[in-house]
$ cat protein.csv   # CSV, C-alpha atoms
chain,number,residue,atom,x,y,z
A,1,MET,CA,0.0,0.0,0.0
A,2,ARG,CA,1.2,3.5,-0.7
A,3,GLU,CA,1.7,6.1,1.9
A,4,ARG,CA,1.7,9.8,1.2
A,5,GLY,CA,4.8,11.0,-0.7
A,6,GLU,CA,5.7,7.6,-2.2
A,7,GLU,CA,6.1,7.0,-6.0
A,8,LYS,CA,3.0,7.2,-8.0
A,9,PRO,CA,1.7,3.7,-9.1
A,10,ASP,CA,0.2,2.9,-12.5
A,11,GLY,CA,-3.5,2.8,-13.3
A,12,GLN,CA,-4.2,-0.7,-12.2
A,13,ASP,CA,-2.4,-0.2,-9.0
A,14,GLU,CA,-4.4,2.9,-8.4
A,15,LYS,CA,-7.6,0.9,-8.6
A,16,GLN,CA,-6.3,-1.6,-6.1
A,17,MET,CA,-5.2,1.2,-3.8
A,18,ASN,CA,-8.6,2.8,-4.0
A,19,ARG,CA,-10.3,-0.6,-3.2
A,20,TRP,CA,-8.0,-1.0,-0.2
A,21,ARG,CA,-8.9,2.5,1.0
A,22,LEU,CA,-12.6,1.7,0.8
A,23,ILE,CA,-12.0,-1.6,2.7
A,24,LEU,CA,-10.0,0.0,5.5
A,25,GLY,CA,-12.3,2.9,5.8
A,26,LYS,CA,-12.1,6.6,6.5
A,27,GLN,CA,-9.9,6.2,9.6
A,28,SER,CA,-7.1,5.1,7.2
A,29,GLY,CA,-7.1,8.5,5.5
A,30,THR,CA,-4.0,9.8,7.3
A,31,ARG,CA,-1.9,6.9,6.0
A,32,LEU,CA,-3.5,5.9,2.7
A,33,SER,CA,-5.1,8.4,0.2
A,34,PHE,CA,-7.3,7.8,-2.8
A,35,GLY,CA,-5.4,8.0,-6.2
A,36,GLU,CA,-6.4,9.6,-9.5
A,37,GLY,CA,-8.9,6.9,-10.2
A,38,ALA,CA,-11.0,8.1,-7.4
A,39,VAL,CA,-13.3,10.0,-9.8
A,40,LEU,CA,-16.1,7.8,-11.1
A,41,GLU,CA,-18.9,8.1,-13.6
A,42,ASN,CA,-21.8,10.6,-13.3
A,43,GLY,CA,-19.8,13.0,-11.2
A,44,LEU,CA,-19.3,10.5,-8.4
A,45,SER,CA,-16.1,9.6,-6.6
A,46,CYS,CA,-14.6,7.1,-4.2
A,47,TYR,CA,-15.3,9.7,-1.5
A,48,ASP,CA,-19.0,9.3,-2.1
A,49,LEU,CA,-18.7,5.5,-1.8
A,50,GLU,CA,-16.6,5.9,1.4
A,51,ASP,CA,-19.2,8.2,3.0
A,52,ALA,CA,-22.0,5.7,2.3
A,53,LEU,CA,-20.0,2.8,3.6
A,54,ASP,CA,-18.7,4.8,6.6
A,55,PHE,CA,-22.3,5.7,7.6
A,56,LEU,CA,-23.0,2.0,8.2
A,57,TYR,CA,-19.7,0.2,9.1
A,58,SER,CA,-18.2,2.9,11.3
A,59,ARG,CA,-20.6,1.5,13.9
A,60,GLU,CA,-18.1,-1.2,14.4
A,61,ALA,CA,-15.9,1.3,16.2
A,62,GLY,CA,-18.7,2.9,18.2
A,63,GLU,CA,-21.2,5.6,17.6
A,64,ASP,CA,-18.9,8.4,18.7
A,65,VAL,CA,-16.4,7.6,15.8
A,66,ARG,CA,-19.0,7.9,13.1
A,67,ARG,CA,-19.0,11.0,10.8
A,68,GLU,CA,-15.8,12.5,12.1
A,69,GLY,CA,-13.9,14.7,9.6
A,70,GLY,CA,-13.6,13.5,6.0
A,71,THR,CA,-14.7,15.2,2.8
A,72,GLY,CA,-18.4,14.4,3.1
A,73,ALA,CA,-20.5,17.6,2.4
A,74,SER,CA,-23.2,16.9,5.1
A,75,ARG,CA,-24.3,14.6,7.8
A,76,LEU,CA,-26.3,11.7,6.4
A,77,THR,CA,-29.7,10.6,7.6
A,78,VAL,CA,-31.0,7.1,7.2
A,79,ALA,CA,-33.4,8.2,4.5
A,80,ALA,CA,-30.6,10.1,2.6
A,81,TRP,CA,-28.3,7.0,3.0
A,82,ILE,CA,-30.9,4.7,1.4
A,83,THR,CA,-31.2,7.2,-1.5
A,84,ARG,CA,-27.4,7.4,-1.9
A,85,ILE,CA,-26.6,3.7,-1.9
A,86,ARG,CA,-29.2,3.2,-4.6
A,87,ARG,CA,-27.3,5.7,-6.7
A,88,LEU,CA,-23.8,4.4,-5.9
A,89,PHE,CA,-24.1,0.6,-5.9
A,90,PRO,CA,-25.7,-2.2,-7.9
A,91,LYS,CA,-28.9,-3.8,-6.7
A,92,LYS,CA,-27.3,-6.9,-5.1
A,93,THR,CA,-24.8,-4.7,-3.1
A,94,VAL,CA,-27.7,-2.5,-2.0
A,95,GLU,CA,-29.6,-5.5,-0.7
A,96,ILE,CA,-26.5,-6.7,1.3
A,97,LEU,CA,-26.0,-3.2,2.8
A,98,GLU,CA,-29.7,-3.0,3.8
A,99,ARG,CA,-29.5,-6.5,5.3
A,100,HIS,CA,-26.4,-5.6,7.4
A,101,ALA,CA,-28.1,-2.4,8.6
A,102,LEU,CA,-31.1,-4.4,9.9
A,103,GLU,CA,-29.5,-7.6,11.1
A,104,ARG,CA,-26.0,-6.5,12.2
A,105,TYR,CA,-26.6,-3.0,13.4
A,106,GLN,CA,-30.3,-3.2,14.4
A,107,MET,CA,-31.1,0.0,12.5
A,108,THR,CA,-34.8,-0.5,13.2
A,109,GLU,CA,-35.6,3.0,11.9
A,110,LEU,CA,-35.4,1.4,8.5
A,111,LEU,CA,-38.7,-0.2,9.2
A,112,THR,CA,-40.3,2.3,11.6
A,113,ASP,CA,-39.8,5.4,9.4
A,114,LYS,CA,-42.4,5.4,6.5
A,115,GLU,CA,-40.2,7.4,4.2
A,116,VAL,CA,-37.2,5.0,4.7
A,117,LEU,CA,-39.3,1.9,4.4
A,118,GLU,CA,-40.8,3.0,1.1
A,119,LYS,CA,-37.2,3.2,-0.4
A,120,LEU,CA,-36.1,-0.3,0.6
A,121,GLU,CA,-35.9,-3.1,-2.0
A,122,PRO,CA,-38.8,-5.5,-1.6
A,123,ASN,CA,-37.4,-9.0,-1.2
A,124,GLN,CA,-37.8,-12.0,1.0
A,125,GLU,CA,-35.2,-10.9,3.5
A,126,LEU,CA,-37.1,-7.6,4.0
A,127,LEU,CA,-40.3,-9.5,4.3
A,128,LYS,CA,-38.8,-11.6,7.1
A,129,THR,CA,-37.6,-8.5,8.9
A,130,ILE,CA,-41.0,-6.9,8.6
A,131,LEU,CA,-42.6,-10.0,10.2
A,132,GLN,CA,-40.2,-9.8,13.1
A,133,LEU,CA,-40.5,-6.1,13.7
A,134,LYS,CA,-44.1,-5.3,12.8
A,135,HIS,CA,-45.0,-4.8,16.4
A,136,LEU,CA,-42.8,-1.7,16.4
A,137,MET,CA,-44.7,-0.1,13.5
A,138,LYS,CA,-47.2,2.7,13.7
A,139,ARG,CA,-50.4,2.6,11.5
A,140,GLU,CA,-49.0,4.6,8.5
A,141,VAL,CA,-45.8,2.5,8.5
A,142,LEU,CA,-47.9,-0.7,8.7
A,143,ASP,CA,-49.7,0.3,5.6
A,144,THR,CA,-46.4,0.6,3.7
A,145,ALA,CA,-45.3,-2.7,5.2
A,146,ARG,CA,-48.4,-4.5,4.0
A,147,ARG,CA,-47.8,-3.3,0.4
A,148,ILE,CA,-44.3,-4.7,0.6
A,149,VAL,CA,-45.6,-8.0,2.1
A,150,ARG,CA,-48.1,-8.3,-0.8
A,151,LYS,CA,-45.5,-7.6,-3.5
A,152,VAL,CA,-43.0,-10.2,-2.1
A,153,ALA,CA,-45.7,-12.8,-1.5
A,154,GLU,CA,-47.0,-12.4,-5.0
A,155,GLU,CA,-43.5,-12.8,-6.4
A,156,ILE,CA,-43.0,-16.0,-4.4
A,157,ALA,CA,-46.4,-17.3,-5.5
A,158,GLU,CA,-45.6,-16.6,-9.1
A,159,LYS,CA,-42.5,-18.7,-8.9
A,160,LEU,CA,-44.3,-21.6,-7.1
A,161,ASN,CA,-47.7,-21.5,-8.8
A,162,GLN,CA,-46.9,-23.1,-12.2
A,163,ASP,CA,-45.0,-26.1,-10.8
A,164,ILE,CA,-47.5,-26.8,-8.0
A,165,ARG,CA,-50.6,-26.5,-10.3
A,166,ARG,CA,-48.9,-28.8,-12.9
A,167,SER,CA,-48.2,-31.4,-10.2
A,168,LEU,CA,-51.7,-31.4,-8.8
A,169,LEU,CA,-54.0,-30.6,-11.8
A,170,GLY,CA,-52.7,-33.7,-13.7
A,171,SER,CA,-50.6,-34.2,-16.7
A,172,LEU,CA,-51.4,-34.6,-20.4
A,173,ASP,CA,-52.8,-38.0,-21.2
A,174,ARG,CA,-51.0,-38.9,-24.4
A,175,ASN,CA,-53.1,-42.0,-25.0
A,176,SER,CA,-56.5,-40.5,-25.5
A,177,PRO,CA,-57.5,-37.9,-28.1
A,178,SER,CA,-59.1,-34.6,-27.2
A,179,SER,CA,-62.0,-32.9,-29.0
A,180,VAL,CA,-60.7,-29.5,-27.7
A,181,ARG,CA,-58.4,-28.2,-30.6
A,182,SER,CA,-56.2,-25.7,-28.9
A,183,MET,CA,-52.4,-25.0,-28.9
A,184,ARG,CA,-52.4,-25.9,-25.2
A,185,ASN,CA,-53.5,-29.5,-26.0
A,186,LEU,CA,-51.5,-29.9,-29.2
A,187,ASP,CA,-49.6,-33.3,-29.3
A,188,MET,CA,-46.6,-32.2,-31.3
A,189,LYS,CA,-44.7,-35.5,-31.2
A,190,LYS,CA,-47.7,-37.6,-32.3
A,191,THR,CA,-48.6,-35.1,-35.1
A,192,ILE,CA,-45.1,-35.3,-36.5
A,193,ARG,CA,-44.9,-39.1,-36.2
A,194,LYS,CA,-48.2,-39.7,-37.9
A,195,ASN,CA,-47.5,-37.4,-40.8
A,196,LEU,CA,-43.9,-38.4,-41.6
A,197,GLN,CA,-45.3,-40.4,-44.6
A,198,HIS,CA,-46.4,-37.2,-46.2
A,199,TYR,CA,-42.9,-35.5,-46.1
A,200,ASP,CA,-42.2,-33.7,-49.4
A,201,ARG,CA,-38.5,-34.3,-50.2
A,202,GLU,CA,-38.3,-31.8,-53.0
A,203,ARG,CA,-39.8,-28.9,-51.0
A,204,LYS,CA,-38.3,-30.3,-47.7
A,205,GLN,CA,-41.7,-29.7,-46.1
A,206,LEU,CA,-43.8,-31.8,-43.8
A,207,LEU,CA,-47.4,-31.8,-45.0
A,208,LEU,CA,-49.9,-32.2,-42.2
A,209,GLU,CA,-53.0,-34.2,-43.2
A,210,GLN,CA,-54.2,-34.5,-39.6
A,211,VAL,CA,-53.2,-32.6,-36.4
A,212,TYR,CA,-53.5,-34.5,-33.1
A,213,PHE,CA,-54.5,-33.2,-29.8
A,214,SER,CA,-54.4,-34.9,-26.4
A,215,SER,CA,-56.7,-34.7,-23.4
A,216,ARG,CA,-55.8,-33.3,-20.1
A,217,THR,CA,-56.5,-35.8,-17.3
A,218,ARG,CA,-58.3,-34.1,-14.4
A,219,LYS,CA,-60.0,-37.0,-12.6
A,220,TYR,CA,-60.1,-36.3,-8.9
A,221,ASN,CA,-62.2,-36.3,-5.9
A,222,ARG,CA,-61.8,-33.5,-3.4
A,223,TRP,CA,-59.1,-34.0,-0.7
A,224,ARG,CA,-58.6,-32.0,2.5
A,225,VAL,CA,-55.1,-30.8,3.1
A,226,VAL,CA,-54.4,-29.5,6.6
A,227,ILE,CA,-51.1,-27.6,6.9
A,228,ALA,CA,-49.7,-27.1,10.4
A,229,VAL,CA,-46.7,-24.7,10.6
A,230,ASP,CA,-44.4,-24.2,13.5
A,231,GLU,CA,-44.0,-20.4,13.9
A,232,SER,CA,-40.8,-20.4,16.0
A,233,GLY,CA,-38.2,-18.0,14.8
A,234,SER,CA,-36.0,-20.7,13.2
A,235,MET,CA,-38.8,-21.7,10.9
A,236,LEU,CA,-39.5,-18.2,9.4
A,237,ASP,CA,-38.6,-19.2,5.8
A,238,SER,CA,-40.8,-22.2,6.1
A,239,VAL,CA,-43.7,-20.2,7.5
A,240,ILE,CA,-43.5,-17.7,4.6
A,241,HIS,CA,-43.4,-20.4,1.9
A,242,SER,CA,-46.1,-22.5,3.7
A,243,ALA,CA,-48.5,-19.6,3.9
A,244,VAL,CA,-48.0,-18.7,0.2
A,245,MET,CA,-48.3,-22.4,-0.8
A,246,ALA,CA,-51.5,-22.8,1.2
A,247,GLY,CA,-52.9,-19.8,-0.7
A,248,ILE,CA,-52.1,-21.6,-4.0
A,249,PHE,CA,-53.6,-24.9,-2.7
A,250,ALA,CA,-56.8,-23.0,-1.7
A,251,LYS,CA,-57.4,-22.0,-5.3
A,252,LEU,CA,-57.2,-25.6,-6.7
A,253,PRO,CA,-60.5,-27.3,-7.3
A,254,MET,CA,-59.5,-30.7,-5.9
A,255,LEU,CA,-58.3,-29.4,-2.5
A,256,ASP,CA,-60.1,-28.2,0.6
A,257,THR,CA,-57.2,-26.5,2.3
A,258,ARG,CA,-56.8,-25.6,6.0
A,259,LEU,CA,-53.8,-23.7,7.5
A,260,VAL,CA,-52.9,-23.5,11.2
A,261,ILE,CA,-49.8,-21.9,12.8
A,262,PHE,CA,-48.7,-22.8,16.2
A,263,ASP,CA,-46.2,-22.4,19.1
A,264,THR,CA,-47.7,-23.3,22.4
A,265,GLN,CA,-51.0,-22.1,21.1
A,266,VAL,CA,-52.8,-22.9,17.8
A,267,VAL,CA,-54.2,-20.3,15.4
A,268,ASP,CA,-56.4,-21.3,12.5
A,269,LEU,CA,-55.8,-19.0,9.5
A,270,SER,CA,-58.0,-21.0,7.1
A,271,ALA,CA,-60.4,-18.1,6.6
A,272,GLN,CA,-57.6,-15.8,5.4
A,273,LEU,CA,-56.1,-18.0,2.8
A,274,ASP,CA,-57.3,-15.8,-0.1
A,275,ASP,CA,-55.3,-12.9,1.4
A,276,PRO,CA,-51.6,-13.7,1.9
A,277,VAL,CA,-51.0,-10.4,3.5
A,278,GLU,CA,-53.4,-11.1,6.3
A,279,THR,CA,-52.0,-14.6,6.7
A,280,LEU,CA,-48.4,-13.5,7.0
A,281,MET,CA,-49.2,-10.4,9.2
A,282,SER,CA,-50.9,-12.8,11.6
A,283,ILE,CA,-47.7,-14.6,12.4
A,284,GLN,CA,-46.4,-14.1,15.9
A,285,LEU,CA,-42.8,-15.4,16.0
A,286,GLY,CA,-41.2,-16.9,19.1
A,287,GLY,CA,-42.5,-18.8,22.1
A,288,GLY,CA,-42.4,-22.5,22.9
A,289,THR,CA,-43.4,-25.4,20.7
A,290,ASN,CA,-46.3,-27.8,21.3
A,291,ILE,CA,-46.4,-30.0,18.2
A,292,ALA,CA,-48.7,-32.6,19.9
A,293,GLY,CA,-51.3,-29.9,20.7
A,294,ALA,CA,-51.2,-28.6,17.1
A,295,LEU,CA,-51.7,-32.1,15.7
A,296,GLN,CA,-54.6,-32.7,18.1
A,297,TYR,CA,-56.3,-29.7,16.6
A,298,CYS,CA,-55.5,-30.9,13.1
A,299,ALA,CA,-57.2,-34.2,13.9
A,300,THR,CA,-60.5,-32.3,14.6
A,301,LEU,CA,-60.4,-31.0,11.0
A,302,MET,CA,-60.3,-34.5,9.5
A,303,GLU,CA,-63.9,-35.2,8.2
A,304,GLU,CA,-62.9,-38.0,5.9
A,305,PRO,CA,-59.5,-39.3,7.1
A,306,PHE,CA,-59.0,-41.5,4.1
A,307,ARG,CA,-59.1,-38.4,1.9
A,308,THR,CA,-57.0,-36.2,4.2
A,309,ILE,CA,-53.3,-35.2,4.1
A,310,VAL,CA,-51.9,-33.6,7.3
A,311,VAL,CA,-48.7,-31.7,6.5
A,312,LEU,CA,-46.6,-30.7,9.5
A,313,VAL,CA,-43.9,-28.1,8.9
A,314,SER,CA,-41.5,-28.1,11.9
A,315,ASP,CA,-38.0,-28.7,13.1
A,316,LEU,CA,-39.6,-31.4,15.3
A,317,CYS,CA,-38.1,-30.0,18.4
A,318,GLU,CA,-41.1,-30.8,20.7
A,319,GLY,CA,-41.3,-28.6,23.8
A,320,GLY,CA,-43.8,-31.0,25.4
A,321,SER,CA,-44.0,-34.7,25.8
A,322,LEU,CA,-42.4,-36.7,23.0
A,323,SER,CA,-44.6,-39.7,23.9
A,324,GLY,CA,-47.7,-37.4,23.5
A,325,LEU,CA,-46.5,-36.3,20.1
A,326,LEU,CA,-46.0,-39.9,19.0
A,327,SER,CA,-49.4,-40.9,20.4
A,328,VAL,CA,-51.3,-38.2,18.5
A,329,SER,CA,-49.4,-39.0,15.3
A,330,ARG,CA,-50.2,-42.7,15.6
A,331,GLY,CA,-53.9,-41.8,15.9
A,332,ILE,CA,-53.8,-39.7,12.7
A,333,LEU,CA,-52.1,-42.5,10.8
A,334,GLU,CA,-54.4,-45.3,12.1
A,335,SER,CA,-57.4,-43.2,11.1
A,336,GLY,CA,-56.4,-43.6,7.5
A,337,ALA,CA,-55.0,-40.1,7.0
A,338,LYS,CA,-51.6,-39.4,5.5
A,339,LEU,CA,-49.1,-37.6,7.8
A,340,VAL,CA,-46.3,-35.7,6.1
A,341,CYS,CA,-43.6,-34.1,8.3
A,342,LEU,CA,-41.6,-31.5,6.4
A,343,THR,CA,-38.4,-30.3,8.0
A,344,ALA,CA,-38.0,-27.4,5.6
A,345,LEU,CA,-40.1,-25.7,2.9
A,346,ASP,CA,-37.8,-22.9,1.7
A,347,MET,CA,-36.4,-22.9,-1.8
A,348,GLU,CA,-33.0,-24.2,-0.6
A,349,ALA,CA,-34.6,-26.9,1.6
A,350,ASN,CA,-31.8,-26.9,4.2
A,351,PRO,CA,-33.0,-29.4,6.8
A,352,VAL,CA,-32.4,-28.6,10.5
A,353,TYR,CA,-34.5,-30.9,12.7
A,354,ASP,CA,-34.5,-33.3,15.7
A,355,ARG,CA,-33.4,-36.6,14.1
A,356,ARG,CA,-34.5,-38.8,17.0
A,357,THR,CA,-38.1,-37.5,16.7
A,358,ALA,CA,-38.0,-37.8,12.9
A,359,GLU,CA,-36.9,-41.4,13.1
A,360,GLN,CA,-39.7,-42.3,15.5
A,361,LEU,CA,-42.3,-40.6,13.4
A,362,ALA,CA,-41.0,-42.3,10.3
A,363,ALA,CA,-41.2,-45.7,12.1
A,364,LEU,CA,-44.9,-45.0,12.7
A,365,GLY,CA,-45.5,-44.7,9.0
A,366,ALA,CA,-45.3,-40.9,8.5
A,367,PHE,CA,-43.3,-39.5,5.6
A,368,VAL,CA,-40.5,-37.4,7.0
A,369,GLY,CA,-38.1,-35.3,4.9
A,370,ALA,CA,-37.1,-32.0,3.4
A,371,MET,CA,-39.0,-30.9,0.3
A,372,THR,CA,-39.3,-27.8,-1.7
A,373,PRO,CA,-42.9,-26.7,-2.4
A,374,GLU,CA,-42.6,-28.1,-6.0
A,375,ALA,CA,-41.5,-31.5,-4.6
A,376,LEU,CA,-44.4,-31.5,-2.1
A,377,GLY,CA,-46.8,-30.8,-5.0
A,378,ASP,CA,-45.4,-33.9,-6.9
A,379,PHE,CA,-45.7,-36.0,-3.7
A,380,MET,CA,-49.3,-35.0,-3.0
A,381,GLY,CA,-50.2,-35.6,-6.7
A,382,LYS,CA,-48.9,-39.1,-6.4
A,383,VAL,CA,-50.8,-39.7,-3.1
A,384,MET,CA,-54.0,-38.4,-4.6
A,385,ARG,CA,-53.8,-40.5,-7.7
$ encode --input "protein.csv" --output "structure tokens"
Amino acid sequence: MRERGEEKPDGQDEKQMNRWRLILGKQSGTRLSFGEGAVLENGLSCYDLEDALDFLYSREAGEDVRREGGTGASRLTVAAWITRIRRLFPKKTVEILERHALERYQMTELLTDKEVLEKLEPNQELLKTILQLKHLMKREVLDTARRIVRKVAEEIAEKLNQDIRRSLLGSLDRNSPSSVRSMRNLDMKKTIRKNLQHYDRERKQLLLEQVYFSSRTRKYNRWRVVIAVDESGSMLDSVIHSAVMAGIFAKLPMLDTRLVIFDTQVVDLSAQLDDPVETLMSIQLGGGTNIAGALQYCATLMEEPFRTIVVLVSDLCEGGSLSGLLSVSRGILESGAKLVCLTALDMEANPVYDRRTAEQLAALGAFVGAMTPEALGDFMGKVMR
């Protein structure tokens, strides 16, 4: 690294020096200065980047160190900082800075100030933070938070909807023709195969004497799906995806969907499934875990056990009696219902769960495993067929 007065490095070295100065922070300014490459595009400079980074990361040295000296024109506010980093950094970097502000430095004003909240990038990490801090929000801030929750929930649903619907609505039946002549039902492979004999070699064209369509199989009787979600803090990703997934299930004609969330108490959110915002904003994270009590409630929702799937989303860390949990689970299975225990429902499906409990539930006949929502849709489709 170059100290003041040393020989001037070339352009590439200047960029490296400037990067090191940004990494080391403003407090290194007496020993390491920015080089000629400090001037960036659109009238910006490395000093602007440093001011934005210093506003956040100088908290590592304590509040009293922040904003001392430097070339910054004025003291930043949280709202001004959000605006500035949007101008200075790419979207992915902005999301990292916002996440550090919330998680590492507990800058709760990001969520309790309406002006600031409106500037944050809507994404799943922000959604999780809103659910954790919504009790701090005043009415006008909550209105903004609800709009963010709706936007993120709709984005998650859009990603999940097509795969889940395809899994549960049935697949194309290639063996039976369809009277509905539409592009959606076009059987391209069969059409080509049946018309190969009409290929015109001179024109190099395939002449179609007949176009074939296939029927879409949708033979089903209505099933009831009861989804019970552990709302302890460690299951937050699973809670979000389960709530969105339950909303998708509720719109499918072959399913009668119920959703309950639980800690030591059980809350039935089935009446709110058409509104993911109300579902998600009803979540109260934390508290103990009584899985047996939740499954006891689920058992009361089983009108036709042989056409019921109970989906438990939990890390299986029972706060009550393990023997009680196993007893309730055995009763559900012996009634003829299916019991599915999912240890994760986020898109990465990273399983963190009590293996001893999982093994004992599996020994009873429950399906225990980590599945993405798409995989769960495939699994349920097989059960229902």
$ closest_residue --input "protein.csv" --among "A:Glu303, A:His241, A:Met235, A:Val226" --to "Ser270 of chain A" --atoms "all atoms listed in the file"
A:Val226
$ atom_distance --input "protein.csv" --atom1 "atom CA of Glu121 of chain A" --atom2 "atom CA of Glu154 of chain A"
14.8 Å
$ residues_around --input "protein.csv" --residues "segment 326-339 of chain A" --least-positions-apart "4" --cutoff "10 Å" --atoms "all atoms listed in the file" --output "MDAnalysis selection string"
chainID A and resid 224:226 291:296 298:299 302 304:312 321:322 357 360:362 364:368 380 383
$ closest_residue --input "protein.csv" --among "A:Glu202, A:Ala243, A:Asn195, A:Val277" --to "Thr144 of chain A" --atoms "all atoms listed in the file"
A:Val277
$ closest_residue --input "protein.csv" --among "A:Glu60, A:Asp230, A:Glu278, A:Asp237" --to "Gly319 of chain A" --atoms "all atoms listed in the file"
A:Asp230
$ residues_near_point --input "protein.csv" --point "(-55.7, -25.4, 15.9)" --cutoff "9 Å" --atoms "all atoms listed in the file" --output "NGL selection string"
:A and (228 or 259-262 or 265-268 or 293-298 or 300-301)
$ atom_distance --input "protein.csv" --atom1 "atom CA of Ala375 of chain A" --atom2 "atom CA of Ile164 of chain A"
8.3 Å
$ atom_distance --input "protein.csv" --atom1 "atom CA of Cys317 of chain A" --atom2 "atom CA of Ala271 of chain A"
27.9 Å
$ closest_atom_pairs --input "protein.csv" --of "segment 251-290 of chain A" --to "segment 155-162 of chain A" --cutoff "12 Å" --atoms "all atoms listed in the file" --output "CSV"
residue,atom,partner,partner_atom,distance
A:Lys251,CA,A:Asn161,CA,10.3
A:Leu252,CA,A:Asn161,CA,10.6
A:Pro276,CA,A:Ala157,CA,9.7
$ closest_residue --input "protein.csv" --among "A:Asp113, A:Asp163, A:Glu125, A:Asp354" --to "His100 of chain A" --atoms "all atoms listed in the file"
A:Glu125
$ closest_residue --input "protein.csv" --among "A:Met107, A:Leu133, A:Asp378, A:Trp223" --to "Ala250 of chain A" --atoms "all atoms listed in the file"
A:Trp223
$ closest_residue --input "protein.csv" --among "A:Ala101, A:Met384, A:Leu88, A:Met254" --to "Glu50 of chain A" --atoms "all atoms listed in the file"
A:Leu88
